[in-house]
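Peer 1: Supplied in C-alpha coordinates, the structure appears directly below.
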Amino acid sequence: MRLFPRRLDAAELQEWQPRLYAILIALVLGVAYVIAFVVENSKPVSLHFVLFTARVSLIWLILLMVGIGVAGGILLSQLYRRRRRARN
(Lines give C-alpha, C1' and ligand atoms only; values in the text may rest on other atoms or scores of the structure.)
Protein backbone atom coordinates (compact mmCIF):
# COMPACT_ATOMS: atom_id res chain seq x y z
CA MET A 1 0.00 0.00 0.00
CA ARG A 2 1.36 3.37 -0.96
CA LEU A 3 1.35 6.19 1.52
CA PHE A 4 1.02 8.74 -1.27
CA PRO A 5 -0.90 7.66 -4.37
CA ARG A 6 0.73 8.31 -7.71
CA ARG A 7 -0.12 11.51 -9.50
CA LEU A 8 -2.51 11.24 -12.41
CA ASP A 9 -1.60 12.99 -15.62
CA ALA A 10 -4.05 15.19 -17.56
CA ALA A 11 -5.09 12.39 -19.93
CA GLU A 12 -6.11 10.13 -17.04
CA LEU A 13 -8.04 12.91 -15.31
CA GLN A 14 -10.08 13.65 -18.44
CA GLU A 15 -10.80 9.98 -19.19
CA TRP A 16 -14.52 9.16 -19.67
CA GLN A 17 -15.78 6.90 -16.88
CA PRO A 18 -19.24 5.66 -17.93
CA ARG A 19 -19.60 3.24 -15.02
CA LEU A 20 -19.03 6.02 -12.48
CA TYR A 21 -21.59 8.28 -14.15
CA ALA A 22 -24.10 5.42 -14.40
CA ILE A 23 -23.73 4.73 -10.68
CA LEU A 24 -24.13 8.42 -9.84
CA ILE A 25 -27.25 8.75 -12.01
CA ALA A 26 -28.75 5.59 -10.47
CA LEU A 27 -28.05 6.92 -6.97
CA VAL A 28 -29.66 10.30 -7.71
CA LEU A 29 -32.71 8.62 -9.27
CA GLY A 30 -33.00 6.24 -6.30
CA VAL A 31 -32.85 9.07 -3.76
CA ALA A 32 -35.41 11.09 -5.76
CA TYR A 33 -37.72 8.06 -5.88
CA VAL A 34 -37.45 7.51 -2.12
CA ILE A 35 -38.19 11.18 -1.42
CA ALA A 36 -41.21 11.14 -3.76
CA PHE A 37 -42.41 7.88 -2.18
CA VAL A 38 -42.26 9.35 1.34
CA VAL A 39 -43.97 12.59 0.29
CA GLU A 40 -46.77 10.75 -1.52
CA ASN A 41 -47.38 8.39 1.41
CA SER A 42 -47.30 10.95 4.21
CA LYS A 43 -51.10 11.20 4.43
CA PRO A 44 -52.56 10.01 7.75
CA VAL A 45 -54.64 6.82 7.75
CA SER A 46 -56.66 5.09 10.45
CA LEU A 47 -55.27 1.78 11.61
CA HIS A 48 -57.92 -0.33 13.36
CA PHE A 49 -56.76 -2.80 15.97
CA VAL A 50 -59.14 -5.04 17.88
CA LEU A 51 -59.44 -2.79 20.93
CA PHE A 52 -58.40 0.63 19.63
CA THR A 53 -57.76 2.75 16.54
CA ALA A 54 -54.59 4.71 15.77
CA ARG A 55 -53.92 7.39 13.16
CA VAL A 56 -50.48 7.11 11.58
CA SER A 57 -48.85 8.26 8.37
CA LEU A 58 -49.13 5.70 5.61
CA ILE A 59 -45.34 5.62 5.17
CA TRP A 60 -44.89 4.42 8.77
CA LEU A 61 -47.43 1.67 8.18
CA ILE A 62 -45.62 0.60 5.01
CA LEU A 63 -42.24 0.60 6.79
CA LEU A 64 -43.71 -1.36 9.71
CA MET A 65 -45.06 -4.02 7.34
CA VAL A 66 -41.73 -4.23 5.49
CA GLY A 67 -39.94 -4.65 8.84
CA ILE A 68 -42.34 -7.38 9.95
CA GLY A 69 -41.90 -9.13 6.60
CA VAL A 70 -38.11 -9.02 6.79
CA ALA A 71 -38.09 -10.25 10.41
CA GLY A 72 -40.53 -13.03 9.55
CA GLY A 73 -38.42 -14.09 6.58
CA ILE A 74 -35.27 -14.21 8.69
CA LEU A 75 -36.99 -16.22 11.42
CA LEU A 76 -38.50 -18.68 8.94
CA SER A 77 -35.16 -19.19 7.20
CA GLN A 78 -33.50 -19.89 10.55
CA LEU A 79 -36.25 -22.39 11.42
CA TYR A 80 -35.82 -24.09 8.05
CA ARG A 81 -32.04 -24.23 8.51
CA ARG A 82 -32.39 -25.69 12.02
CA ARG A 83 -34.83 -28.39 10.83
CA ARG A 84 -32.61 -29.26 7.89
CA ARG A 85 -29.58 -29.60 10.18
CA ALA A 86 -31.53 -31.80 12.61
CA ARG A 87 -32.37 -34.29 9.82
CA ASN A 88 -28.72 -34.74 8.79
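Residues in the C-alpha coordinates are named by chain (A, B, ... in the order shown) and by number from 1 within that chain; ligands are numbered from 1 in the order shown.
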I'd like to know which residues of chain A are helix (DSSP H, G or I) (by DSSP, run on the backbone); could you write them as an NGL selection string?
Peer 2: :A and (10-13 or 18-40 or 58-87)
Peer 1: Could you give me, as a PyMOL selection string, each residue of stretch 5-49 of chain A that DSSP assigns to strand (DSSP E) when run on this structure's backbone?
Peer 2: chain A and resi 44-48
Peer 1: Hey, can you spit out that residue selection with all heavy atoms as a PDB file, in the first residue's frame?
Peer 2:
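After the write, out09.pdb holds the following:
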ATOM      1  N   PRO A  44     -52.172  10.839   6.608  1.00  0.00           N
ATOM      2  CA  PRO A  44     -52.558  10.005   7.755  1.00  0.00           C
ATOM      3  C   PRO A  44     -53.684   9.036   7.392  1.00  0.00           C
ATOM      4  O   PRO A  44     -54.579   9.365   6.614  1.00  0.00           O
ATOM      5  CB  PRO A  44     -53.018  11.014   8.801  1.00  0.00           C
ATOM      6  CG  PRO A  44     -53.345  12.246   8.049  1.00  0.00           C
ATOM      7  CD  PRO A  44     -52.532  12.239   6.796  1.00  0.00           C
ATOM      8  N   VAL A  45     -53.604   7.838   7.943  1.00  0.00           N
ATOM      9  CA  VAL A  45     -54.638   6.820   7.754  1.00  0.00           C
ATOM     10  C   VAL A  45     -55.018   6.265   9.118  1.00  0.00           C
ATOM     11  O   VAL A  45     -54.240   6.328  10.075  1.00  0.00           O
ATOM     12  CB  VAL A  45     -54.160   5.673   6.836  1.00  0.00           C
ATOM     13  CG1 VAL A  45     -53.925   6.162   5.423  1.00  0.00           C
ATOM     14  CG2 VAL A  45     -52.931   5.001   7.378  1.00  0.00           C
ATOM     15  N   SER A  46     -56.219   5.720   9.204  1.00  0.00           N
ATOM     16  CA  SER A  46     -56.662   5.086  10.452  1.00  0.00           C
ATOM     17  C   SER A  46     -56.290   3.615  10.412  1.00  0.00           C
ATOM     18  O   SER A  46     -56.574   2.918   9.437  1.00  0.00           O
ATOM     19  CB  SER A  46     -58.176   5.219  10.610  1.00  0.00           C
ATOM     20  OG  SER A  46     -58.524   6.559  10.780  1.00  0.00           O
ATOM     21  N   LEU A  47     -55.661   3.176  11.470  1.00  0.00           N
ATOM     22  CA  LEU A  47     -55.267   1.782  11.605  1.00  0.00           C
ATOM     23  C   LEU A  47     -56.096   1.183  12.726  1.00  0.00           C
ATOM     24  O   LEU A  47     -55.982   1.588  13.884  1.00  0.00           O
ATOM     25  CB  LEU A  47     -53.767   1.698  11.920  1.00  0.00           C
ATOM     26  CG  LEU A  47     -53.146   0.328  12.040  1.00  0.00           C
ATOM     27  CD1 LEU A  47     -53.307  -0.437  10.735  1.00  0.00           C
ATOM     28  CD2 LEU A  47     -51.685   0.462  12.378  1.00  0.00           C
ATOM     29  N   HIS A  48     -56.981   0.244  12.386  1.00  0.00           N
ATOM     30  CA  HIS A  48     -57.915  -0.328  13.359  1.00  0.00           C
ATOM     31  C   HIS A  48     -57.353  -1.622  13.940  1.00  0.00           C
ATOM     32  O   HIS A  48     -57.131  -2.589  13.225  1.00  0.00           O
ATOM     33  CB  HIS A  48     -59.263  -0.601  12.696  1.00  0.00           C
ATOM     34  CG  HIS A  48     -59.904   0.621  12.140  1.00  0.00           C
ATOM     35  ND1 HIS A  48     -60.560   1.537  12.918  1.00  0.00           N
ATOM     36  CD2 HIS A  48     -59.967   1.089  10.872  1.00  0.00           C
ATOM     37  CE1 HIS A  48     -61.016   2.513  12.161  1.00  0.00           C
ATOM     38  NE2 HIS A  48     -60.653   2.262  10.904  1.00  0.00           N
TER      39      HIS A  48
END
Peer 1: Nearest residue to A:Ile35 out of A:Leu51, A:Leu76, A:Ala22, A:Ile59, using only C-alpha atoms?
Peer 2: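 The answer is A:Ile59, which sits nearest to A:Ile35.
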Peer 1: So that I can see what lies close to A:Val39, please list as a list in words the residues with an atom at most 12 Å from it, counting only C-alpha atoms and leaving out residues fewer than 5 positions away in the same chain.
Peer 2: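 My reading of the contact set: Ala32, Tyr33, Val34, Pro44, Ser57, Leu58, Ile59 and Trp60 of chain A.
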